[in-house]
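Trainee: This is the structure, below, for whatever I ask next.
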Amino acid sequence: MFTDPLWTQLHTQISRYIAPYDAAVRPYSLEQATKWIAAAEARHQKILVAFYHSEYTPTQLPSVATYQRDVQKFVRLFPHVREYQSWDESNRGNIPGALASPSATAAARYYQALIRVCHGCTVSGLDILDNAQIGSTLNYIAEFKREIHRLETIMPRVWGLHNYSDVNRLEGWRTRELVRALGGEVWLTETGGIVSFGNDFPNRGGEGLTRAAKVLKFVFALAGAHAQIKRLYIFDWTGGTAKTRFDAGLMDARYRPRPGYVSVCRALHAAHCVVRTVND
């Protein structure tokens with residue numbers, strides 16, 4: 001990605017990487033993180049790292065002590081990375097046989113552990129998914145804040161939000177309500193146009209590509225309408241194939257630009273946005 005001329009012409013200054021919380025003690029995970037971070041640093045990116053479940057034990061949540069020990073090792077290995085998220089999409093819930101997600105209470109304790117070992121870092125308080133119905137997300141935020149008070153730790157000033165459900169319906173009310181509930185500065189740490197995802201967002205005859213391009217244009221307008229939203233991270237650069245479960249790539253699996261790339265290119269006022277795109 002970082003050497004693709006289509007990426008370099010966008011002149012983006014921020015990039016986000018999702019790392020297993022135990023990446024520093026797992027050779028393969030560490031190798032992947034090291035390569036990505038080196039490539040991003042070579043392009044002078046400000047890197048945001050979001051920790052997530054282990055690739056080896058995804059259905060098992062670590063104790064706070066284990067989490068703190070492993071992320072501290074990661075922080076020490078990458079001294080130039082100064083922005084972190086304690087758990088990617090912490091309110092995603094448990095998927096039997098696939099992954100476990102922390103409760104709001106556990107998420108607050110992971111946050112506290114991370115700020116203890118990354119002095120002077122910017123650590124977002126939560127990194128949450130909006131969902132079609134946001135009642136449970138609002139409850140999760142409230143419980144997280146209550147636990148922060150109980151722990152007598154520092155209330156976050158920056159929060160992460162993934163607003164896929166909202167923007168892919170071309171709506172803004174979920175984003176508005178969640179931004180209000182979070183308070184402080186909000187980063188859209190994952191957002192974008194879904195090309196295909198189950199029956200709700202199909203890509204029959206290329207309809208998903210057209211829809212995603214329209215959504216991406218809407219994303220920039222929505223973010224610009226909220227003073228609290230200071231950053232926007234598009235997910236993802238590389239898309240998948242017809243068999244991919246969730247596809248929101250700006251490129252297809254062969255790194256050819258899709259219509260969504262053109263929407264992003266124009267929003268960022270790049271020089272050469274008239275490119276040949278794939279449309280199916």
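So you can find residues: chains in the structure tokens are A, B, ... in the order shown, residues in each start at 1, and ligands are numbered from 1 in order.
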Mind the document's chain letters and residue numbers, and return as a VMD selection string the residues of range 10-251 of chain A that DSSP labels strand (DSSP E or B).

Mentor: chain A and resid 14 to 20 46 to 52 83 to 85 95 99 122 to 124 127 to 129 158 to 162 185 to 191 196 to 197 201 229 to 234 238 246 to 247 251

Trainee: Once you count only C-alpha atoms, what closest atom pair and distance in Å to one decimal does each residue of range 73-142 of chain A within 10 Å of range 3-27 of chain A have, with rows by chain and rising residue number, as CSV?

Mentor:
residue,atom,partner,partner_atom,distance
A:Lys73,CA,A:Ala24,CA,5.9
A:Phe74,CA,A:Ala24,CA,5.0
A:Val75,CA,A:Ala24,CA,8.8
A:Arg76,CA,A:Ala24,CA,9.4
A:Leu77,CA,A:Ala24,CA,7.8
A:Glu83,CA,A:Arg16,CA,9.5
A:Tyr84,CA,A:Arg16,CA,9.3
A:Gln85,CA,A:Ile18,CA,9.1
A:Ser86,CA,A:Tyr21,CA,8.4
A:Trp87,CA,A:Tyr21,CA,8.2
A:Asp88,CA,A:Ile18,CA,7.3

Trainee: Using C-alpha atoms, can you write the selected residues to a file as a CSV table (one decimal), in the first residue's frame?

Mentor:
chain,number,residue,atom,x,y,z
A,73,LYS,CA,6.9,-5.1,25.6
A,74,PHE,CA,5.2,-3.9,22.4
A,75,VAL,CA,5.5,-0.2,23.4
A,76,ARG,CA,9.2,-0.6,24.2
A,77,LEU,CA,9.9,-2.3,20.8
A,83,GLU,CA,-0.8,6.6,19.8
A,84,TYR,CA,-2.7,3.5,20.9
A,85,GLN,CA,-6.1,1.9,21.4
A,86,SER,CA,-6.4,-0.6,24.2
A,87,TRP,CA,-8.9,-2.9,22.3
A,88,ASP,CA,-10.3,-2.8,18.8

Trainee: From the list A:Leu30, A:Ala104, A:Ala181, A:Ala213, which residue is nearest Asn168 in chain A when using only C-alpha atoms?

Mentor: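 Closest to Asn168 in chain A of all the choices is A:Ala213.
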
Trainee: Can you work out which one of A:Pro202, A:Pro96, A:Gly172, A:Pro79 has the shortest atom-to-atom distance to Ile37 in chain A, counting only C-alpha atoms?

Mentor: A:Pro79

Trainee: Give me the residues near Phe197 in chain A as a compact mmCIF listing (two decimals) with N, CA and C atoms, in the first residue's frame, where near means some atom within 9 Å (using only C-alpha atoms) and where sequence neighbours in that chain fewer than 3 positions away do not count.

Mentor:
# COMPACT_ATOMS: atom_id res chain seq x y z
N ILE A 194 -19.15 -0.12 2.56
CA ILE A 194 -19.15 -1.58 2.46
C ILE A 194 -19.54 -2.01 1.05
N ASP A 200 -27.48 -7.86 3.87
CA ASP A 200 -27.80 -6.45 4.03
C ASP A 200 -27.06 -5.57 3.02
N PHE A 201 -25.85 -5.98 2.66
CA PHE A 201 -25.03 -5.17 1.76
C PHE A 201 -24.45 -6.07 0.67
N PRO A 202 -25.27 -6.46 -0.30
CA PRO A 202 -24.79 -7.35 -1.37
C PRO A 202 -24.04 -6.58 -2.46
N ASN A 203 -23.35 -7.33 -3.30
CA ASN A 203 -22.66 -6.71 -4.44
C ASN A 203 -23.06 -7.44 -5.72
N THR A 244 -15.21 -13.22 0.04
CA THR A 244 -14.83 -12.50 1.24
C THR A 244 -16.06 -12.11 2.05
N ARG A 245 -16.04 -12.38 3.36
CA ARG A 245 -17.22 -12.13 4.20
C ARG A 245 -17.52 -10.63 4.32
N PHE A 246 -16.49 -9.83 4.60
CA PHE A 246 -16.66 -8.38 4.76
C PHE A 246 -15.67 -7.69 3.85
N ASP A 247 -16.16 -6.89 2.94
CA ASP A 247 -15.30 -6.23 1.96
C ASP A 247 -15.65 -4.74 1.89
N ALA A 248 -14.70 -3.91 2.26
CA ALA A 248 -14.88 -2.46 2.15
C ALA A 248 -13.65 -1.82 1.51

Trainee: For His119 in chain A, which of A:Arg82, A:His53, A:Arg176, A:Arg150 is the closest residue, counting only C-alpha atoms?

Mentor: A:Arg82

Trainee: With a distance cut-off of 12 Å and only C-alpha atoms, select the neighbouring residues of Asn139 in chain A, excluding the residue or stretch itself and same-chain residues fewer than 2 positions from it, and output the selection as a list in words.

Mentor: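 Contacts, with the query itself left out: Asn91, Ser103, Ala104, Thr105, Ile128, Asp130, Gln133, Ile134, Gly135, Ser136, Thr137, Ile141, Ala142, Glu143, Phe144, Lys145, Arg146, Leu178, Ala181 and Leu182 of chain A.
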
Trainee: Output N, CA and C atoms for every residue in the selection just made, as a PDB file, in the first residue's frame.

Mentor:
ATOM      1  N   ASN A  91     -16.711  -3.511  22.050  1.00  0.00           N
ATOM      2  CA  ASN A  91     -18.116  -3.867  22.303  1.00  0.00           C
ATOM      3  C   ASN A  91     -18.687  -4.806  21.245  1.00  0.00           C
ATOM      4  N   SER A 103     -15.834  -7.053  28.444  1.00  0.00           N
ATOM      5  CA  SER A 103     -16.930  -6.248  28.972  1.00  0.00           C
ATOM      6  C   SER A 103     -16.451  -4.806  29.077  1.00  0.00           C
ATOM      7  N   ALA A 104     -17.374  -3.894  29.311  1.00  0.00           N
ATOM      8  CA  ALA A 104     -16.985  -2.487  29.482  1.00  0.00           C
ATOM      9  C   ALA A 104     -16.058  -2.327  30.674  1.00  0.00           C
ATOM     10  N   THR A 105     -16.310  -3.099  31.729  1.00  0.00           N
ATOM     11  CA  THR A 105     -15.451  -3.045  32.912  1.00  0.00           C
ATOM     12  C   THR A 105     -14.039  -3.510  32.585  1.00  0.00           C
ATOM     13  N   ILE A 128     -15.143   1.692  19.600  1.00  0.00           N
ATOM     14  CA  ILE A 128     -16.432   1.009  19.602  1.00  0.00           C
ATOM     15  C   ILE A 128     -17.095   0.974  18.231  1.00  0.00           C
ATOM     16  N   ASP A 130     -20.683   0.998  16.125  1.00  0.00           N
ATOM     17  CA  ASP A 130     -21.967   1.662  16.378  1.00  0.00           C
ATOM     18  C   ASP A 130     -23.147   0.692  16.476  1.00  0.00           C
ATOM     19  N   GLN A 133     -28.740  -0.822  15.995  1.00  0.00           N
ATOM     20  CA  GLN A 133     -29.462  -0.287  17.155  1.00  0.00           C
ATOM     21  C   GLN A 133     -28.413   0.049  18.218  1.00  0.00           C
ATOM     22  N   ILE A 134     -28.352   1.299  18.623  1.00  0.00           N
ATOM     23  CA  ILE A 134     -27.204   1.741  19.426  1.00  0.00           C
ATOM     24  C   ILE A 134     -27.435   1.696  20.936  1.00  0.00           C
ATOM     25  N   GLY A 135     -28.587   1.179  21.373  1.00  0.00           N
ATOM     26  CA  GLY A 135     -28.865   1.147  22.808  1.00  0.00           C
ATOM     27  C   GLY A 135     -27.780   0.436  23.599  1.00  0.00           C
ATOM     28  N   SER A 136     -27.357  -0.733  23.132  1.00  0.00           N
ATOM     29  CA  SER A 136     -26.321  -1.488  23.846  1.00  0.00           C
ATOM     30  C   SER A 136     -24.978  -0.769  23.804  1.00  0.00           C
ATOM     31  N   THR A 137     -24.722  -0.058  22.715  1.00  0.00           N
ATOM     32  CA  THR A 137     -23.465   0.701  22.608  1.00  0.00           C
ATOM     33  C   THR A 137     -23.449   1.858  23.597  1.00  0.00           C
ATOM     34  N   ILE A 141     -20.765   2.413  26.743  1.00  0.00           N
ATOM     35  CA  ILE A 141     -20.018   3.644  27.005  1.00  0.00           C
ATOM     36  C   ILE A 141     -20.227   4.102  28.444  1.00  0.00           C
ATOM     37  N   ALA A 142     -21.475   4.097  28.892  1.00  0.00           N
ATOM     38  CA  ALA A 142     -21.788   4.549  30.249  1.00  0.00           C
ATOM     39  C   ALA A 142     -21.110   3.669  31.296  1.00  0.00           C
ATOM     40  N   GLU A 143     -21.130   2.353  31.097  1.00  0.00           N
ATOM     41  CA  GLU A 143     -20.496   1.445  32.049  1.00  0.00           C
ATOM     42  C   GLU A 143     -18.978   1.630  32.052  1.00  0.00           C
ATOM     43  N   PHE A 144     -18.402   1.834  30.897  1.00  0.00           N
ATOM     44  CA  PHE A 144     -16.958   2.101  30.822  1.00  0.00           C
ATOM     45  C   PHE A 144     -16.599   3.337  31.641  1.00  0.00           C
ATOM     46  N   LYS A 145     -17.360   4.396  31.473  1.00  0.00           N
ATOM     47  CA  LYS A 145     -17.075   5.634  32.206  1.00  0.00           C
ATOM     48  C   LYS A 145     -17.267   5.449  33.712  1.00  0.00           C
ATOM     49  N   ARG A 146     -18.272   4.677  34.098  1.00  0.00           N
ATOM     50  CA  ARG A 146     -18.461   4.409  35.533  1.00  0.00           C
ATOM     51  C   ARG A 146     -17.264   3.659  36.105  1.00  0.00           C
ATOM     52  N   LEU A 178     -23.751   8.978  19.394  1.00  0.00           N
ATOM     53  CA  LEU A 178     -22.573   8.359  19.998  1.00  0.00           C
ATOM     54  C   LEU A 178     -21.475   9.385  20.257  1.00  0.00           C
ATOM     55  N   ALA A 181     -22.463  11.051  23.394  1.00  0.00           N
ATOM     56  CA  ALA A 181     -22.273  10.199  24.571  1.00  0.00           C
ATOM     57  C   ALA A 181     -20.801  10.044  24.933  1.00  0.00           C
ATOM     58  N   LEU A 182     -19.950   9.978  23.937  1.00  0.00           N
ATOM     59  CA  LEU A 182     -18.526   9.815  24.203  1.00  0.00           C
ATOM     60  C   LEU A 182     -17.945  11.077  24.823  1.00  0.00           C
TER      61      LEU A 182
END

Trainee: Quick one: residues within 8 Å of range 260-271 of chain A, only C-alpha atoms counted, chain neighbours fewer than 3 positions away excluded, as a PyMOL selection string?

Mentor: chain A and resi 9-11+193+209-210+212-214+216-217+220+250-251+257+274-275

Trainee: Could you find all residues in range 11-53 of chain A that DSSP calls helix (DSSP H, G or I) from the backbone, and write them as a PyMOL selection string?

Mentor: chain A and resi 23-25+27-42

Trainee: Looking at only C-alpha atoms, which of A:Asn163, A:Leu170, A:Gly184, A:Tyr255 is the one that sits closest to Phe235 in chain A?

Mentor: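 Of the candidates, the smallest distance to Phe235 in chain A is held by A:Asn163.
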
Trainee: Which of these, A:Ile95, A:Ile148, A:Ala50, A:Ile229, has the shortest distance to Thr122 in chain A once you count only C-alpha atoms?

Mentor: A:Ala50

Trainee: Hey, can you check how far CA of Ala253 in chain A sits from CA of Val278 in chain A?

Mentor: 10.9 Å

Trainee: Rounded to one decimal in Å, what is the spacing between CA of Ser63 in chain A and CA of Leu126 in chain A?

Mentor: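 According to the coordinates, CA of Ser63 in chain A and CA of Leu126 in chain A are separated by 18.1 Å.
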